[in-house]
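This is work_4.txt. It holds compact mmCIF, C-alpha atoms.
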```txt
# COMPACT_ATOMS: atom_id res chain seq x y z
CA MET A 1 104.44 -74.65 46.14
CA ARG A 2 101.39 -75.74 44.20
CA ASN A 3 101.28 -72.36 42.44
CA VAL A 4 104.94 -72.70 41.44
CA PHE A 5 104.20 -76.15 39.91
CA ILE A 6 101.25 -74.78 37.90
CA ILE A 7 103.32 -71.88 36.60
CA ALA A 8 106.11 -74.27 35.60
CA VAL A 9 103.68 -76.56 33.72
CA PHE A 10 102.13 -73.57 31.91
CA PHE A 11 105.59 -72.30 30.93
CA MET A 12 106.70 -75.67 29.56
CA SER A 13 103.42 -76.16 27.64
CA THR A 14 103.75 -72.72 26.05
CA LEU A 15 107.36 -73.46 25.07
CA LEU A 16 106.47 -76.81 23.51
CA LEU A 17 103.57 -75.33 21.54
CA SER A 18 105.82 -72.52 20.33
CA CYS A 19 108.45 -75.00 19.15
CA ALA A 20 105.83 -77.16 17.43
CA GLY A 21 104.42 -74.13 15.65
CA THR A 22 107.87 -73.10 14.49
CA GLN A 23 108.61 -76.60 13.17
CA MET A 24 105.28 -76.72 11.28
CA ALA A 25 105.96 -73.34 9.68
CA GLU A 26 109.38 -74.51 8.49
CA THR A 27 107.93 -77.77 7.07
CA THR A 28 105.11 -76.17 5.11
CA ALA A 29 106.94 -73.04 3.92
CA PRO A 30 107.16 -72.89 0.10
CA VAL A 31 110.56 -73.66 -1.41
CA ASN A 32 111.54 -71.35 -4.28
CA THR A 33 113.35 -73.63 -6.68
CA GLY A 34 113.45 -73.71 -10.46
CA ILE A 35 114.52 -71.79 -13.54
CA LYS A 36 113.79 -68.28 -14.72
CA GLY A 37 114.97 -66.11 -17.58
CA GLN A 38 113.95 -64.53 -20.87
CA VAL A 39 112.98 -65.93 -24.28
CA LEU A 40 113.74 -63.88 -27.39
CA VAL A 41 112.89 -64.35 -31.06
CA ALA A 42 116.13 -64.25 -33.06
CA ASN A 43 116.65 -60.76 -34.54
CA GLU A 44 113.16 -59.63 -33.46
CA GLY A 45 112.83 -59.20 -29.70
CA ALA A 46 110.75 -60.60 -26.86
CA ALA A 47 109.02 -63.96 -27.54
CA VAL A 48 105.72 -63.00 -25.95
CA GLY A 49 103.61 -66.10 -25.24
CA ALA A 50 106.45 -68.61 -25.66
CA PHE A 51 106.57 -71.65 -23.37
CA VAL A 52 109.64 -73.20 -21.78
CA TYR A 53 109.79 -77.00 -21.36
CA ALA A 54 112.05 -78.96 -19.01
CA TYR A 55 113.10 -82.59 -19.51
CA ASP A 56 115.26 -84.91 -17.42
CA SER A 57 117.08 -86.03 -20.59
CA SER A 58 117.52 -84.98 -24.21
CA PHE A 59 115.80 -88.18 -25.42
CA ASN A 60 114.07 -87.94 -28.82
CA ASP A 61 115.26 -84.36 -29.31
CA MET A 62 112.93 -83.31 -26.46
CA ARG A 63 109.91 -83.62 -28.76
CA VAL A 64 107.96 -85.78 -26.36
CA PRO A 65 105.35 -84.82 -23.74
CA THR A 66 106.47 -83.35 -20.42
CA LYS A 67 104.56 -82.11 -17.39
CA HIS A 68 107.16 -79.40 -16.73
CA ILE A 69 105.92 -76.44 -18.78
CA SER A 70 106.13 -72.76 -17.87
CA ALA A 71 103.32 -70.24 -18.09
CA PRO A 72 103.46 -68.19 -21.33
CA ALA A 73 106.33 -65.69 -21.43
CA GLY A 74 105.40 -62.11 -20.52
CA PRO A 75 105.61 -58.89 -22.57
CA ASP A 76 109.39 -58.79 -22.18
CA GLY A 77 109.78 -62.52 -22.87
CA SER A 78 110.39 -63.35 -19.21
CA TYR A 79 109.33 -66.70 -17.73
CA THR A 80 109.55 -68.68 -14.49
CA LEU A 81 109.37 -72.46 -14.25
CA ASP A 82 109.22 -74.15 -10.84
CA LEU A 83 111.27 -77.36 -10.80
CA PRO A 84 112.69 -79.72 -8.19
CA PRO A 85 116.48 -79.73 -7.76
CA GLY A 86 118.40 -81.63 -10.42
CA ASN A 87 119.77 -81.39 -13.95
CA TRP A 88 117.27 -80.28 -16.59
CA TYR A 89 117.31 -79.96 -20.38
CA LEU A 90 115.42 -76.90 -21.64
CA VAL A 91 113.73 -75.98 -24.89
CA ALA A 92 111.46 -73.03 -25.70
CA ARG A 93 108.64 -73.10 -28.24
CA LYS A 94 106.01 -70.74 -29.58
CA ARG A 95 103.33 -72.27 -31.77
CA VAL A 96 101.25 -70.39 -34.32
CA SER A 97 98.19 -71.94 -32.68
CA GLY A 98 99.15 -70.52 -29.28
CA ASP A 99 98.92 -73.99 -27.70
CA PRO A 100 101.58 -75.13 -25.22
CA LYS A 101 101.29 -78.75 -26.40
CA GLY A 102 101.02 -80.60 -29.70
CA TYR A 103 103.30 -81.44 -32.60
CA LEU A 104 105.21 -78.72 -34.46
CA VAL A 105 104.30 -77.36 -37.87
CA LYS A 106 105.76 -74.89 -40.34
CA GLY A 107 105.77 -71.38 -38.89
CA ASP A 108 106.20 -72.45 -35.26
CA TYR A 109 109.25 -71.28 -33.28
CA GLU A 110 111.71 -73.39 -31.32
CA GLY A 111 115.06 -73.06 -29.60
CA LYS A 112 117.08 -75.24 -27.22
CA TYR A 113 119.07 -73.77 -24.35
CA MET A 114 122.67 -73.66 -25.53
CA ALA A 115 124.15 -74.72 -22.18
CA ASN A 116 121.94 -77.77 -21.47
CA PRO A 117 121.62 -79.29 -18.96
CA VAL A 118 120.88 -76.66 -16.32
CA THR A 119 121.53 -77.49 -12.67
CA VAL A 120 118.75 -76.44 -10.29
CA ARG A 121 119.85 -76.19 -6.66
CA PRO A 122 117.59 -76.29 -3.59
CA GLY A 123 116.07 -72.97 -2.60
CA SER A 124 117.16 -70.98 -5.66
CA TYR A 125 116.37 -70.29 -9.31
CA ALA A 126 118.92 -70.92 -12.05
CA GLU A 127 118.96 -68.36 -14.87
CA ALA A 128 118.52 -69.52 -18.46
CA ASN A 129 118.02 -67.04 -21.29
CA MET A 130 116.96 -68.57 -24.59
CA SER A 131 116.47 -67.69 -28.26
CA ILE A 132 113.93 -69.23 -30.66
CA ALA A 133 113.74 -69.18 -34.46
CA LYS A 134 111.01 -69.95 -36.98
CA LEU A 135 110.91 -73.55 -38.20
CA GLU A 136 110.74 -74.30 -41.91
CA GLY A 137 108.88 -77.23 -43.39
CA THR A 138 106.46 -79.70 -41.91
CA PHE A 139 107.32 -82.25 -39.22
CA LEU A 140 104.94 -84.95 -40.30
CA LEU A 141 106.65 -88.07 -41.57
CA ALA A 142 104.41 -88.31 -44.64
CA PRO A 143 102.29 -85.18 -45.20
CA TYR A 144 100.53 -86.47 -48.31
CA LEU A 145 100.74 -89.90 -49.82
CA SER A 146 99.73 -91.22 -53.21
CA GLU A 147 96.28 -92.75 -53.33
CA GLU A 148 97.59 -95.56 -55.53
CA MET A 149 97.76 -98.27 -52.94
CA GLU A 150 97.72 -102.00 -52.43
CA SER A 151 96.72 -101.75 -48.77
CA GLY A 152 95.30 -99.04 -46.56
CA ILE A 153 92.03 -97.47 -45.46
CA ARG A 154 89.25 -95.52 -47.13
CA GLY A 155 86.17 -93.85 -45.76
CA THR A 156 84.20 -90.65 -45.30
CA VAL A 157 84.41 -87.87 -42.76
CA PHE A 158 81.04 -86.49 -41.67
CA THR A 159 79.93 -83.38 -39.81
CA GLU A 160 77.99 -83.71 -36.56
CA ALA A 161 74.84 -83.12 -38.62
CA GLY A 162 75.64 -86.21 -40.72
CA LYS A 163 76.72 -84.39 -43.88
CA PRO A 164 80.06 -84.95 -45.67
CA ALA A 165 82.78 -82.78 -44.14
CA SER A 166 84.90 -80.72 -46.53
CA GLY A 167 88.50 -79.78 -45.68
CA ALA A 168 89.01 -82.48 -43.03
CA TYR A 169 92.28 -84.33 -42.49
CA VAL A 170 92.44 -87.95 -41.40
CA MET A 171 95.39 -88.67 -39.13
CA VAL A 172 96.71 -92.20 -38.75
CA TYR A 173 98.87 -93.08 -35.74
CA GLU A 174 100.91 -96.15 -34.91
CA ASP A 175 100.60 -95.39 -31.19
CA LYS A 176 97.20 -95.90 -29.56
CA GLU A 177 97.67 -92.79 -27.40
CA MET A 178 97.47 -90.73 -30.62
CA ILE A 179 99.83 -88.08 -29.22
CA GLY A 180 102.39 -86.10 -31.21
CA LEU A 181 103.10 -86.64 -34.87
CA PRO A 182 100.70 -88.81 -36.87
CA GLN A 183 102.70 -91.20 -39.02
CA HIS A 184 100.29 -90.76 -41.94
CA LEU A 185 97.99 -87.96 -43.07
CA SER A 186 95.29 -87.84 -45.73
CA ARG A 187 94.79 -85.02 -48.17
CA PRO A 188 92.04 -82.62 -47.05
CA THR A 189 88.63 -83.99 -47.96
CA GLU A 190 86.56 -82.40 -50.71
CA ALA A 191 82.80 -81.84 -50.88
CA ASP A 192 82.02 -85.58 -50.66
CA GLY A 193 84.05 -86.03 -47.45
CA ALA A 194 85.91 -89.02 -48.90
CA TYR A 195 89.54 -89.84 -48.06
CA ALA A 196 92.10 -92.59 -48.62
CA VAL A 197 95.37 -93.35 -46.83
CA PRO A 198 97.83 -95.97 -48.16
CA LEU A 199 99.29 -98.08 -45.35
CA LYS A 200 101.54 -101.06 -44.95
CA PRO A 201 100.05 -104.06 -43.15
CA GLY A 202 99.78 -103.32 -39.45
CA THR A 203 97.71 -101.88 -36.61
CA TYR A 204 96.71 -98.21 -36.73
CA TYR A 205 94.65 -95.69 -34.76
CA VAL A 206 92.56 -93.15 -36.65
CA ALA A 207 91.33 -89.60 -35.93
CA SER A 208 90.21 -86.59 -37.95
CA ARG A 209 90.02 -82.80 -37.62
CA LEU A 210 89.87 -79.70 -39.80
CA LYS A 211 93.56 -78.88 -39.29
CA TYR A 212 96.66 -80.85 -38.37
CA GLY A 213 98.70 -78.33 -36.37
CA GLY A 214 98.67 -77.92 -32.60
CA LEU A 215 96.35 -79.45 -30.04
CA PRO A 216 92.61 -79.94 -30.51
CA ARG A 217 90.85 -77.08 -28.77
CA LEU A 218 87.79 -77.34 -26.57
CA GLY A 219 84.75 -77.40 -28.87
CA GLU A 220 86.79 -77.87 -32.06
CA PRO A 221 85.36 -80.38 -34.60
CA TYR A 222 87.24 -83.62 -33.96
CA GLY A 223 86.47 -87.24 -34.76
CA THR A 224 87.78 -90.74 -34.14
CA TYR A 225 87.08 -94.10 -35.72
CA ASP A 226 84.56 -95.49 -33.25
CA MET A 227 83.86 -99.06 -34.34
CA ASN A 228 85.92 -100.07 -31.28
CA THR A 229 86.98 -98.26 -28.10
CA GLU A 230 90.63 -98.05 -29.18
CA HIS A 231 89.78 -96.38 -32.54
CA LYS A 232 91.85 -99.18 -34.07
CA VAL A 233 92.10 -100.54 -37.61
CA VAL A 234 94.12 -103.64 -38.51
CA VAL A 235 95.29 -103.67 -42.13
CA GLY A 236 96.29 -106.98 -43.71
CA GLU A 237 98.55 -107.82 -46.64
CA LYS A 238 97.12 -106.28 -49.84
CA GLU A 239 93.97 -105.33 -47.93
CA ILE A 240 92.09 -102.08 -48.39
CA ILE A 241 89.62 -101.55 -45.57
CA THR A 242 86.65 -99.45 -46.60
CA SER A 243 84.01 -97.57 -44.60
CA VAL A 244 86.49 -96.37 -41.99
CA ASP A 245 84.17 -93.44 -41.33
CA LEU A 246 84.58 -90.65 -38.80
CA THR A 247 82.17 -88.03 -37.46
CA LEU A 248 83.42 -84.62 -36.35
CA LYS A 249 82.00 -83.57 -32.98
CA PRO A 250 82.99 -80.79 -30.53
CA PHE A 251 86.19 -81.82 -28.75
CA PRO A 252 85.21 -82.36 -25.08
CA LYS A 253 88.46 -81.41 -23.30
CA ASP A 254 90.69 -78.38 -22.77
CA LEU A 255 94.24 -79.57 -23.45
CA THR A 256 95.78 -76.10 -23.72
CA LYS A 257 96.46 -75.74 -20.00
CA PRO A 258 99.85 -76.94 -18.75
```

How does this structure look as structure tokens?
Amino acid sequence: MRNVFIIAVFFMSTLLLSCAGTQMAETTAPVNTGIKGQVLVANEGAAVGAFVYAYDSSFNDMRVPTKHISAPAGPDGSYTLDLPPGNWYLVARKRVSGDPKGYLVKGDYEGKYMANPVTVRPGSYAEANMSIAKLEGTFLLAPYLSEEMESGIRGTVFTEAGKPASGAYVMVYEDKEMIGLPQHLSRPTEADGAYAVPLKPGTYYVASRLKYGGLPRLGEPYGTYDMNTEHKVVVGEKEIITSVDLTLKPFPKDLTKP
């Protein structure tokens, strides 16, 4: 009788462990959910290296940051983007710089999915094929402004070695995050490194680099106005603030990864 009891306990323990193992496997198993498809360049073929972006709304023409970005499209333009179930608005972009993030410039490619939004259902991938076309013009609000000004900022851009930096742009933002389009842009500096940007009275955030398209790359010369931690300048009525100087140093981060 004792042997029968032991066998019964062993059998029940084995059954319970088996059930627990099965439940754990079902809980931790990966769920294949998202969007996949192909990106093409209009009248050209596969958009190799294009990125697909997903948004939960079409707010601001989908030209705002998102954490839902695909890996670069393959040789045939194919892509896969893992997403939770829901309705998603899609746009594909291919920048001249090769970066997945950053504001758009002339020569970049863009195309929205014609049937937005796409519904992603649990455990499956929706198909969304897209086409992109080259963008014309610049997307900065004020690429170059007259240096005849009643208020604004002036200064010098320097290299890391302390010499005047030639060919640098000063970018002036109204948002302290300094992401996306700068609202104002200087002309490229000449041999003396000097620049001037006319501005209306207000609070601005200032940075500089040797180009104004795409994201700053790791190690790229990049500078901010560092007289305060926010890189902030406050311009008053009919006030021209001088000595808003910036020093270009190697950019310390890699922002190119999704």

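CA of Gly49 in chain A lies 26.7 Å from CA of Arg121 in chain A.
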
Discussion item. Taking (80.7, -97.5, -47.9) as a centre in this file's frame and 12 Å as the limit, can you find every polymer residue with an atom that close, using only C-alpha atoms, and give them as a PyMOL selection string?
Written reply: chain A and resi 153-157+193-195+241-245

Worksheet item: Restricting the calculation to only C-alpha atoms, which member of A:Ala46, A:Ala133, A:Ile69, A:Ile35 is positioned closest to Gly86 in chain A?
Response: A:Ile35

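Here CA of Gly167 in chain A and CA of Lys232 in chain A stand 22.9 Å from one another.
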
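The interatomic distance for the pair CA of Met130 in chain A and CA of Val39 in chain A works out to 4.8 Å.
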
Long-range neighbours of Pro65 in chain A as a tab-separated table (two decimals) with C-alpha atoms, keeping the file's coordinate frame, 9 Å cut-off, all atoms listed in the file, 4 positions minimum in chain:
```tsv
chain	number	residue	atom	x	y	z
A	101	LYS	CA	101.29	-78.75	-26.40
A	102	GLY	CA	101.02	-80.60	-29.70
A	179	ILE	CA	99.83	-88.08	-29.22
A	180	GLY	CA	102.39	-86.10	-31.21
```

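Using only C-alpha atoms for every distance, the candidate list A:Ala71, A:Gly152, A:Lys163, A:Ala168 yields A:Gly152 as the residue closest to His184 in chain A.
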
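In this comparison, which uses all atoms listed in the file, the residue of A:Leu246, A:Leu218, A:Ala54, A:Ala42 approaching Ile132 in chain A most closely is A:Ala42.
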
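Those DNA, RNA and protein residues that approach the point (113.0, -66.5, -34.9) to within 12 Å, considering only C-alpha atoms, are Val39, Leu40, Val41, Ala42, Asn43, Glu44, Gly45, Ala46, Ala47, Ala50, Ala92, Arg93, Lys94, Arg95, Gly107, Asp108, Tyr109, Glu110, Gly111, Met130, Ser131, Ile132, Ala133, Lys134, Leu135 and Glu136 of chain A.
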
Worksheet item: So which residues touch Asn116 in chain A within 12 Å, counting all atoms listed in the file, skipping near sequence neighbours fewer than 2 positions away, as a ChimeraX atom specification?
Response: /A:54-58,62,87-91,111-114,118-120,127-130

Discussion item. Restricting the calculation to only C-alpha atoms: of A:Tyr212, A:Tyr204, A:Tyr79, A:Phe51, which residue gets closest to Lys36 in chain A?
Written reply: A:Tyr79
